[in-house]
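Listing of target22.cif, mmCIF, C-alpha atoms
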data_structure
loop_
_atom_site.group_PDB
_atom_site.id
_atom_site.type_symbol
_atom_site.label_atom_id
_atom_site.label_comp_id
_atom_site.auth_asym_id
_atom_site.auth_seq_id
_atom_site.Cartn_x
_atom_site.Cartn_y
_atom_site.Cartn_z
ATOM 1 C CA MET A 275 0.000 0.000 0.000
ATOM 2 C CA ALA A 276 1.344 3.418 -0.939
ATOM 3 C CA ALA A 277 2.257 5.740 1.895
ATOM 4 C CA PHE A 278 -0.148 8.611 2.533
ATOM 5 C CA PRO A 279 1.387 11.674 0.878
ATOM 6 C CA ARG A 280 1.433 13.780 4.029
ATOM 7 C CA ASN A 281 3.867 16.305 2.617
ATOM 8 C CA LYS A 282 2.219 16.609 -0.763
ATOM 9 C CA PRO A 283 1.272 20.255 -1.320
ATOM 10 C CA ARG A 284 -2.473 20.854 -1.550
ATOM 11 C CA LEU A 285 -3.968 22.992 -4.274
ATOM 12 C CA MET A 286 -6.530 24.678 -2.062
ATOM 13 C CA LYS A 287 -7.904 24.438 1.448
ATOM 14 C CA SER A 288 -10.841 22.048 1.634
ATOM 15 C CA THR A 289 -13.121 24.483 3.440
ATOM 16 C CA LEU A 290 -16.588 23.097 2.850
ATOM 17 C CA HIS A 291 -19.037 25.904 2.132
ATOM 18 C CA HIS A 292 -22.285 24.001 1.603
ATOM 19 C CA ILE A 293 -23.695 20.704 0.364
ATOM 20 C CA GLY A 294 -26.142 20.690 -2.548
ATOM 21 C CA ILE A 295 -29.020 18.199 -2.562
ATOM 22 C CA LEU A 296 -31.222 17.818 -5.641
ATOM 23 C CA VAL A 297 -34.885 17.304 -4.743
ATOM 24 C CA ARG A 298 -38.259 17.309 -6.493
ATOM 25 C CA ASP A 299 -40.025 19.684 -4.144
ATOM 26 C CA ILE A 300 -38.410 22.226 -1.824
ATOM 27 C CA ASP A 301 -41.270 22.438 0.680
ATOM 28 C CA GLU A 302 -41.508 18.677 0.980
ATOM 29 C CA ALA A 303 -37.751 18.273 1.414
ATOM 30 C CA LEU A 304 -37.590 21.187 3.844
ATOM 31 C CA GLY A 305 -40.242 19.529 5.991
ATOM 32 C CA GLU A 306 -38.277 16.290 6.033
ATOM 33 C CA TYR A 307 -34.982 17.947 6.936
ATOM 34 C CA GLU A 308 -36.716 19.997 9.644
ATOM 35 C CA SER A 309 -38.449 17.032 11.247
ATOM 36 C CA ARG A 310 -35.603 14.551 10.862
ATOM 37 C CA PHE A 311 -32.518 16.620 11.601
ATOM 38 C CA GLY A 312 -33.710 19.942 12.982
ATOM 39 C CA TYR A 313 -32.678 22.064 10.019
ATOM 40 C CA ARG A 314 -34.446 25.374 9.464
ATOM 41 C CA ALA A 315 -34.874 27.498 6.363
ATOM 42 C CA LEU A 316 -32.248 30.184 5.925
ATOM 43 C CA GLY A 317 -33.867 33.021 4.016
ATOM 44 C CA GLY A 318 -36.336 32.388 1.243
ATOM 45 C CA THR A 319 -36.337 30.368 -1.957
ATOM 46 C CA ILE A 320 -34.524 32.103 -4.785
ATOM 47 C CA HIS A 321 -33.934 31.501 -8.490
ATOM 48 C CA ASP A 322 -30.365 30.766 -9.583
ATOM 49 C CA PRO A 323 -30.016 31.209 -13.359
ATOM 50 C CA VAL A 324 -26.519 29.680 -13.346
ATOM 51 C CA GLN A 325 -27.772 26.401 -11.914
ATOM 52 C CA THR A 326 -31.109 26.859 -13.752
ATOM 53 C CA ALA A 327 -32.736 26.020 -10.453
ATOM 54 C CA TYR A 328 -34.665 27.243 -7.471
ATOM 55 C CA ILE A 329 -32.615 26.956 -4.307
ATOM 56 C CA GLN A 330 -33.263 27.041 -0.588
ATOM 57 C CA PHE A 331 -30.577 27.061 2.076
ATOM 58 C CA LEU A 332 -31.055 25.183 5.326
ATOM 59 C CA GLU A 333 -29.165 25.771 8.542
ATOM 60 C CA GLY A 334 -28.539 22.968 10.998
ATOM 61 C CA ALA A 335 -26.424 22.295 14.045
ATOM 62 C CA THR A 336 -23.313 23.045 11.991
ATOM 63 C CA PRO A 337 -24.356 26.443 10.645
ATOM 64 C CA GLU A 338 -21.062 27.025 8.890
ATOM 65 C CA VAL A 339 -21.981 24.267 6.421
ATOM 66 C CA PRO A 340 -25.593 24.736 5.297
ATOM 67 C CA ILE A 341 -27.481 22.426 2.991
ATOM 68 C CA GLU A 342 -28.663 23.850 -0.310
ATOM 69 C CA LEU A 343 -31.851 22.258 -1.601
ATOM 70 C CA VAL A 344 -31.949 22.491 -5.394
ATOM 71 C CA VAL A 345 -34.949 22.060 -7.684
ATOM 72 C CA PRO A 346 -34.824 22.370 -11.500
ATOM 73 C CA ASP A 347 -36.497 25.588 -12.682
ATOM 74 C CA GLY A 348 -38.183 23.829 -15.606
ATOM 75 C CA PRO A 349 -37.939 20.961 -18.074
ATOM 76 C CA ASP A 350 -34.941 22.561 -19.809
ATOM 77 C CA SER A 351 -32.954 22.954 -16.585
ATOM 78 C CA LYS A 352 -29.425 21.545 -16.570
ATOM 79 C CA LEU A 353 -30.539 19.548 -13.542
ATOM 80 C CA SER A 354 -33.624 17.886 -15.036
ATOM 81 C CA GLY A 355 -31.664 14.861 -16.241
ATOM 82 C CA ALA A 356 -30.066 14.300 -12.858
ATOM 83 C CA LEU A 357 -33.439 14.541 -11.147
ATOM 84 C CA LYS A 358 -34.876 11.914 -13.493
ATOM 85 C CA LYS A 359 -32.098 9.628 -12.272
ATOM 86 C CA GLY A 360 -33.234 10.124 -8.707
ATOM 87 C CA GLY A 361 -31.590 13.340 -7.502
ATOM 88 C CA GLY A 362 -29.915 13.240 -4.100
ATOM 89 C CA LEU A 363 -26.384 14.464 -3.423
ATOM 90 C CA ASN A 364 -25.802 17.008 -6.181
ATOM 91 C CA HIS A 365 -22.644 18.937 -5.396
ATOM 92 C CA LEU A 366 -20.040 19.900 -2.847
ATOM 93 C CA ALA A 367 -19.169 23.571 -2.548
ATOM 94 C CA TYR A 368 -15.855 24.870 -1.261
ATOM 95 C CA ALA A 369 -14.965 28.388 -0.197
ATOM 96 C CA THR A 370 -12.088 30.061 -1.954
ATOM 97 C CA ASP A 371 -10.287 33.372 -1.745
ATOM 98 C CA ALA A 372 -8.644 32.929 -5.158
ATOM 99 C CA ILE A 373 -11.317 31.513 -7.447
ATOM 100 C CA GLU A 374 -9.550 31.977 -10.776
ATOM 101 C CA LYS A 375 -6.265 30.567 -9.524
ATOM 102 C CA ASP A 376 -8.059 27.615 -7.925
ATOM 103 C CA CYS A 377 -9.941 26.938 -11.177
ATOM 104 C CA ARG A 378 -6.665 26.910 -13.108
ATOM 105 C CA ASN A 379 -4.948 24.685 -10.575
ATOM 106 C CA LEU A 380 -7.831 22.230 -10.324
ATOM 107 C CA ARG A 381 -8.065 22.107 -14.125
ATOM 108 C CA ALA A 382 -4.380 21.242 -14.290
ATOM 109 C CA ALA A 383 -4.974 18.643 -11.582
ATOM 110 C CA GLY A 384 -7.482 16.720 -13.666
ATOM 111 C CA MET A 385 -10.854 18.445 -13.270
ATOM 112 C CA CYS A 386 -12.989 19.998 -16.011
ATOM 113 C CA VAL A 387 -14.192 23.572 -15.606
ATOM 114 C CA LEU A 388 -17.910 23.449 -16.394
ATOM 115 C CA GLN A 389 -18.516 27.093 -15.582
ATOM 116 C CA SER A 390 -15.842 29.757 -15.276
ATOM 117 C CA PRO A 391 -16.283 32.270 -12.450
ATOM 118 C CA VAL A 392 -19.553 34.176 -12.740
ATOM 119 C CA THR A 393 -21.478 36.423 -10.386
ATOM 120 C CA ALA A 394 -23.629 34.337 -8.081
ATOM 121 C CA ARG A 395 -27.301 35.047 -7.538
ATOM 122 C CA ALA A 396 -27.266 33.319 -4.173
ATOM 123 C CA PHE A 397 -24.167 35.099 -2.897
ATOM 124 C CA PRO A 398 -24.439 38.774 -3.809
ATOM 125 C CA GLY A 399 -21.139 40.371 -4.747
ATOM 126 C CA ARG A 400 -19.337 37.081 -4.998
ATOM 127 C CA ARG A 401 -18.535 34.729 -7.834
ATOM 128 C CA ILE A 402 -18.936 30.997 -8.197
ATOM 129 C CA ALA A 403 -17.411 28.443 -10.565
ATOM 130 C CA TRP A 404 -18.244 24.827 -11.347
ATOM 131 C CA LEU A 405 -15.872 21.923 -11.925
ATOM 132 C CA MET A 406 -16.084 18.148 -12.155
ATOM 133 C CA GLY A 407 -13.577 15.336 -11.889
ATOM 134 C CA ARG A 408 -13.782 11.719 -12.973
ATOM 135 C CA ASP A 409 -15.826 10.833 -9.890
ATOM 136 C CA GLY A 410 -18.710 12.743 -11.515
ATOM 137 C CA ILE A 411 -19.502 14.853 -8.454
ATOM 138 C CA PRO A 412 -19.943 18.523 -9.363
ATOM 139 C CA VAL A 413 -17.800 20.877 -7.284
ATOM 140 C CA GLU A 414 -18.774 24.499 -6.782
ATOM 141 C CA LEU A 415 -16.217 27.091 -5.760
ATOM 142 C CA VAL A 416 -17.641 30.062 -3.872
ATOM 143 C CA GLU A 417 -15.662 33.239 -3.321
ATOM 144 C CA GLN A 418 -15.366 34.217 0.274
ATOM 145 C CA SER A 419 -16.944 37.523 1.126
ATOM 146 C CA LEU A 420 -14.708 40.464 1.909
ATOM 147 C CA GLU A 421 -15.527 39.984 5.576
ATOM 148 C CA GLY A 422 -14.327 36.409 5.323
ATOM 149 C CA ARG A 423 -17.738 34.958 6.150
ATOM 150 C CA LEU A 424 -18.259 31.500 4.732
ATOM 151 C CA CYS A 425 -22.006 31.412 4.953
ATOM 152 C CA HIS A 426 -24.062 33.021 2.239
ATOM 153 C CA SER A 427 -25.720 36.397 2.506
ATOM 154 C CA ASP A 428 -29.437 36.611 3.100
ATOM 155 C CA PRO A 429 -30.819 35.671 -0.320
ATOM 156 C CA THR A 430 -33.956 37.664 0.365
ATOM 157 C CA SER A 431 -31.957 40.876 0.442
ATOM 158 C CA PRO A 432 -31.757 42.856 -2.801
ATOM 159 C CA ASP A 433 -28.715 42.356 -5.057
ATOM 160 C CA MET B 176 -1.572 5.897 -32.548
ATOM 161 C CA ASP B 177 -4.942 5.904 -34.331
ATOM 162 C CA PRO B 178 -7.245 8.249 -32.377
ATOM 163 C CA LEU B 179 -10.328 6.233 -33.339
ATOM 164 C CA PHE B 180 -8.796 3.032 -31.978
ATOM 165 C CA VAL B 181 -7.948 4.714 -28.677
ATOM 166 C CA LEU B 182 -11.328 6.445 -28.494
ATOM 167 C CA GLN B 183 -13.099 3.133 -28.923
ATOM 168 C CA LYS B 184 -11.175 1.766 -25.946
ATOM 169 C CA ILE B 185 -12.041 4.865 -23.909
ATOM 170 C CA PHE B 186 -15.737 4.750 -24.817
ATOM 171 C CA ARG B 187 -15.900 1.067 -23.866
ATOM 172 C CA GLU B 188 -14.319 1.884 -20.522
ATOM 173 C CA VAL B 189 -16.474 4.937 -19.734
ATOM 174 C CA PHE B 190 -19.757 3.316 -20.788
ATOM 175 C CA ASP B 191 -18.763 -0.123 -19.481
ATOM 176 C CA GLU B 192 -19.629 -1.869 -22.745
ATOM 177 C CA ASP B 193 -16.956 -4.324 -23.878
ATOM 178 C CA ASP B 194 -18.333 -4.718 -27.404
ATOM 179 C CA MET B 195 -19.131 -1.063 -28.075
ATOM 180 C CA VAL B 196 -18.193 0.069 -31.594
ATOM 181 C CA VAL B 197 -17.841 3.761 -32.390
ATOM 182 C CA THR B 198 -17.298 5.596 -35.659
ATOM 183 C CA PRO B 199 -16.515 9.272 -36.289
ATOM 184 C CA GLN B 200 -20.253 9.776 -36.784
ATOM 185 C CA THR B 201 -21.221 8.348 -33.390
ATOM 186 C CA SER B 202 -22.900 11.186 -31.493
ATOM 187 C CA ARG B 203 -24.315 11.934 -28.064
ATOM 188 C CA ASP B 204 -27.736 11.141 -29.474
ATOM 189 C CA ASP B 205 -26.603 7.609 -30.385
ATOM 190 C CA VAL B 206 -25.148 6.600 -27.028
ATOM 191 C CA GLU B 207 -27.411 6.086 -24.054
ATOM 192 C CA GLY B 208 -25.848 7.641 -20.993
ATOM 193 C CA TRP B 209 -23.650 10.141 -22.850
ATOM 194 C CA ASP B 210 -24.664 12.935 -20.510
ATOM 195 C CA SER B 211 -22.661 15.769 -18.975
ATOM 196 C CA VAL B 212 -21.033 13.479 -16.415
ATOM 197 C CA ALA B 213 -20.000 10.983 -19.097
ATOM 198 C CA GLN B 214 -18.702 13.882 -21.182
ATOM 199 C CA VAL B 215 -16.395 14.935 -18.360
ATOM 200 C CA LYS B 216 -15.160 11.352 -17.935
ATOM 201 C CA LEU B 217 -14.525 11.084 -21.688
ATOM 202 C CA VAL B 218 -12.710 14.417 -21.822
ATOM 203 C CA LEU B 219 -10.496 13.723 -18.813
ATOM 204 C CA THR B 220 -9.638 10.219 -20.014
ATOM 205 C CA VAL B 221 -8.811 11.451 -23.520
ATOM 206 C CA GLU B 222 -6.658 14.213 -22.046
ATOM 207 C CA THR B 223 -4.706 11.694 -19.989
ATOM 208 C CA GLU B 224 -4.363 9.220 -22.846
ATOM 209 C CA PHE B 225 -3.164 11.810 -25.374
ATOM 210 C CA ASN B 226 -1.388 14.132 -22.923
ATOM 211 C CA LEU B 227 -3.295 17.264 -23.914
ATOM 212 C CA GLN B 228 -5.777 19.692 -22.402
ATOM 213 C CA PHE B 229 -8.949 20.868 -24.141
ATOM 214 C CA ASN B 230 -10.254 24.372 -23.613
ATOM 215 C CA GLU B 231 -13.559 25.066 -21.881
ATOM 216 C CA ASP B 232 -15.516 25.545 -25.125
ATOM 217 C CA GLU B 233 -14.249 22.267 -26.546
ATOM 218 C CA VAL B 234 -15.236 20.380 -23.419
ATOM 219 C CA SER B 235 -18.877 21.323 -23.890
ATOM 220 C CA SER B 236 -19.029 21.427 -27.692
ATOM 221 C CA MET B 237 -17.600 18.013 -28.623
ATOM 222 C CA ARG B 238 -20.721 16.001 -29.417
ATOM 223 C CA THR B 239 -19.441 13.287 -31.749
ATOM 224 C CA VAL B 240 -16.495 10.905 -31.831
ATOM 225 C CA GLY B 241 -15.381 12.836 -34.908
ATOM 226 C CA ASP B 242 -15.272 16.043 -32.839
ATOM 227 C CA PHE B 243 -12.889 14.322 -30.431
ATOM 228 C CA ILE B 244 -10.742 13.088 -33.330
ATOM 229 C CA LYS B 245 -10.522 16.578 -34.849
ATOM 230 C CA ALA B 246 -9.573 18.127 -31.521
ATOM 231 C CA ILE B 247 -6.970 15.441 -30.819
ATOM 232 C CA GLN B 248 -5.452 15.914 -34.273
ATOM 233 C CA PHE B 249 -5.377 19.679 -33.740
ATOM 234 C CA TYR B 250 -3.451 19.374 -30.470
ATOM 235 C CA LYS B 251 -1.155 16.647 -31.760
ATOM 236 C CA GLY B 252 -0.347 18.589 -34.927
ATOM 237 C CA ASN B 253 -2.044 16.260 -37.383
ATOM 238 C CA GLY B 254 -5.106 18.382 -38.094
#
Rewrite the structure from the file as structure tokens, please.
Amino acid sequence: MAAFPRNKPRLMKSTLHHIGILVRDIDEALGEYESRFGYRALGGTIHDPVQTAYIQFLEGATPEVPIELVVPDGPDSKLSGALKKGGGLNHLAYATDAIEKDCRNLRAAGMCVLQSPVTARAFPGRRIAWLMGRDGIPVELVEQSLEGRLCHSDPTSPD
Amino acid sequence: MDPLFVLQKIFREVFDEDDMVVTPQTSRDDVEGWDSVAQVKLVLTVETEFNLQFNEDEVSSMRTVGDFIKAIQFYKGNG
């Protein structure tokens, strides 16, 4: 067995920002997460044109890592196909303070950039990017806010 | 190394079909399961096999085996 590469330099810090879960119905899923695990809605449901989805953040006992419920915004949504296959775990999002550099480095390290950095609807004033590796799990990079907060801004506030 | 020969091996591996046969005309519409996740697996495997890196537009726009062949030939100087 190969030795664990303890001294291997990492490309970026693995600071988990949120976990995306693809569901059919936000209200139904919200009720389940509330009753099962004690999550509560964080702000209101918003439309994210980048993901072509409606999204709802949930805060639980580890508020620094919310869950993002994701529902396709229509039959032409990029997520419709994945929902037909059952939905579930949809993406992992990591916080970054150097989104373009991290995209370049992760591309060179064997991931595809599906979406270069664009302004995020869910995180006003910040950009997001999307990548995927051979494991097929989409990875979202989210710029940290200037204040260094990892959690998203209130999505009900105006952009 | 014939790109089509290597691509056939890659497609068989990604789609887990040992007797899969592809031609330059084989498209996303012809192959069940050639979705965005499979596209990423194809792209990353081709990049490793041919030691090249596609740009972002190519990753999303290659929709046929022939598109992959053209891009490979471009990067390898045979296009």
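Going from CA of Asn364 in chain A over to CA of Leu343 in chain A, you cover 9.2 Å.
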Requested in this report: Pick out the residues sitting within 10 Å of range 351-363 of chain A, and hand them over as a ChimeraX atom specification; count all atoms listed in the file, and ignore anything fewer than 3 positions along from it in its own chain.
Outcome: /A:293-298,323-327,343-348,366,411-412 /B:210-212
Query raised in the report: Care to translate the PyMOL selection byres ((chain B) within 10 of (chain A)) into actual residues of this file, as JSON, numbers by chain?
Result: {"B": [189, 210, 211, 212, 213, 214, 215, 216, 217, 218, 219, 220, 222, 223, 228, 229, 230, 231, 232, 234, 235]}
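The interatomic distance for the pair CA of Phe225 in chain B and CA of Lys251 in chain B works out to 8.3 Å.
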Query raised in the report: Quick one, how far is CA of Ile185 in chain B from CA of Trp209 in chain B?
Result: 12.8 Å
Show me, as AutoDock Vina command-line options, the centre and edge lengths in Å to one decimal of the axis-aligned box that covers every listed atom of range 215-228 of chain B with 4 Å on each side.
--center_x -8.9 --center_y 14.5 --center_z -21.7 --size_x 23.0 --size_y 18.5 --size_z 15.4
Output of range 180-248 of chain B limited to C-alpha atoms, as a JSON list (two decimals), in the first residue's frame:
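Printed below is result_2.json as written:
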[["chain", "number", "residue", "atom", "x", "y", "z"],
["B", 180, "PHE", "CA", -8.80, 3.03, -31.98],
["B", 181, "VAL", "CA", -7.95, 4.71, -28.68],
["B", 182, "LEU", "CA", -11.33, 6.44, -28.49],
["B", 183, "GLN", "CA", -13.10, 3.13, -28.92],
["B", 184, "LYS", "CA", -11.18, 1.77, -25.95],
["B", 185, "ILE", "CA", -12.04, 4.86, -23.91],
["B", 186, "PHE", "CA", -15.74, 4.75, -24.82],
["B", 187, "ARG", "CA", -15.90, 1.07, -23.87],
["B", 188, "GLU", "CA", -14.32, 1.88, -20.52],
["B", 189, "VAL", "CA", -16.47, 4.94, -19.73],
["B", 190, "PHE", "CA", -19.76, 3.32, -20.79],
["B", 191, "ASP", "CA", -18.76, -0.12, -19.48],
["B", 192, "GLU", "CA", -19.63, -1.87, -22.74],
["B", 193, "ASP", "CA", -16.96, -4.32, -23.88],
["B", 194, "ASP", "CA", -18.33, -4.72, -27.40],
["B", 195, "MET", "CA", -19.13, -1.06, -28.07],
["B", 196, "VAL", "CA", -18.19, 0.07, -31.59],
["B", 197, "VAL", "CA", -17.84, 3.76, -32.39],
["B", 198, "THR", "CA", -17.30, 5.60, -35.66],
["B", 199, "PRO", "CA", -16.51, 9.27, -36.29],
["B", 200, "GLN", "CA", -20.25, 9.78, -36.78],
["B", 201, "THR", "CA", -21.22, 8.35, -33.39],
["B", 202, "SER", "CA", -22.90, 11.19, -31.49],
["B", 203, "ARG", "CA", -24.32, 11.93, -28.06],
["B", 204, "ASP", "CA", -27.74, 11.14, -29.47],
["B", 205, "ASP", "CA", -26.60, 7.61, -30.39],
["B", 206, "VAL", "CA", -25.15, 6.60, -27.03],
["B", 207, "GLU", "CA", -27.41, 6.09, -24.05],
["B", 208, "GLY", "CA", -25.85, 7.64, -20.99],
["B", 209, "TRP", "CA", -23.65, 10.14, -22.85],
["B", 210, "ASP", "CA", -24.66, 12.94, -20.51],
["B", 211, "SER", "CA", -22.66, 15.77, -18.97],
["B", 212, "VAL", "CA", -21.03, 13.48, -16.41],
["B", 213, "ALA", "CA", -20.00, 10.98, -19.10],
["B", 214, "GLN", "CA", -18.70, 13.88, -21.18],
["B", 215, "VAL", "CA", -16.40, 14.94, -18.36],
["B", 216, "LYS", "CA", -15.16, 11.35, -17.94],
["B", 217, "LEU", "CA", -14.52, 11.08, -21.69],
["B", 218, "VAL", "CA", -12.71, 14.42, -21.82],
["B", 219, "LEU", "CA", -10.50, 13.72, -18.81],
["B", 220, "THR", "CA", -9.64, 10.22, -20.01],
["B", 221, "VAL", "CA", -8.81, 11.45, -23.52],
["B", 222, "GLU", "CA", -6.66, 14.21, -22.05],
["B", 223, "THR", "CA", -4.71, 11.69, -19.99],
["B", 224, "GLU", "CA", -4.36, 9.22, -22.85],
["B", 225, "PHE", "CA", -3.16, 11.81, -25.37],
["B", 226, "ASN", "CA", -1.39, 14.13, -22.92],
["B", 227, "LEU", "CA", -3.29, 17.26, -23.91],
["B", 228, "GLN", "CA", -5.78, 19.69, -22.40],
["B", 229, "PHE", "CA", -8.95, 20.87, -24.14],
["B", 230, "ASN", "CA", -10.25, 24.37, -23.61],
["B", 231, "GLU", "CA", -13.56, 25.07, -21.88],
["B", 232, "ASP", "CA", -15.52, 25.55, -25.13],
["B", 233, "GLU", "CA", -14.25, 22.27, -26.55],
["B", 234, "VAL", "CA", -15.24, 20.38, -23.42],
["B", 235, "SER", "CA", -18.88, 21.32, -23.89],
["B", 236, "SER", "CA", -19.03, 21.43, -27.69],
["B", 237, "MET", "CA", -17.60, 18.01, -28.62],
["B", 238, "ARG", "CA", -20.72, 16.00, -29.42],
["B", 239, "THR", "CA", -19.44, 13.29, -31.75],
["B", 240, "VAL", "CA", -16.50, 10.91, -31.83],
["B", 241, "GLY", "CA", -15.38, 12.84, -34.91],
["B", 242, "ASP", "CA", -15.27, 16.04, -32.84],
["B", 243, "PHE", "CA", -12.89, 14.32, -30.43],
["B", 244, "ILE", "CA", -10.74, 13.09, -33.33],
["B", 245, "LYS", "CA", -10.52, 16.58, -34.85],
["B", 246, "ALA", "CA", -9.57, 18.13, -31.52],
["B", 247, "ILE", "CA", -6.97, 15.44, -30.82],
["B", 248, "GLN", "CA", -5.45, 15.91, -34.27]]
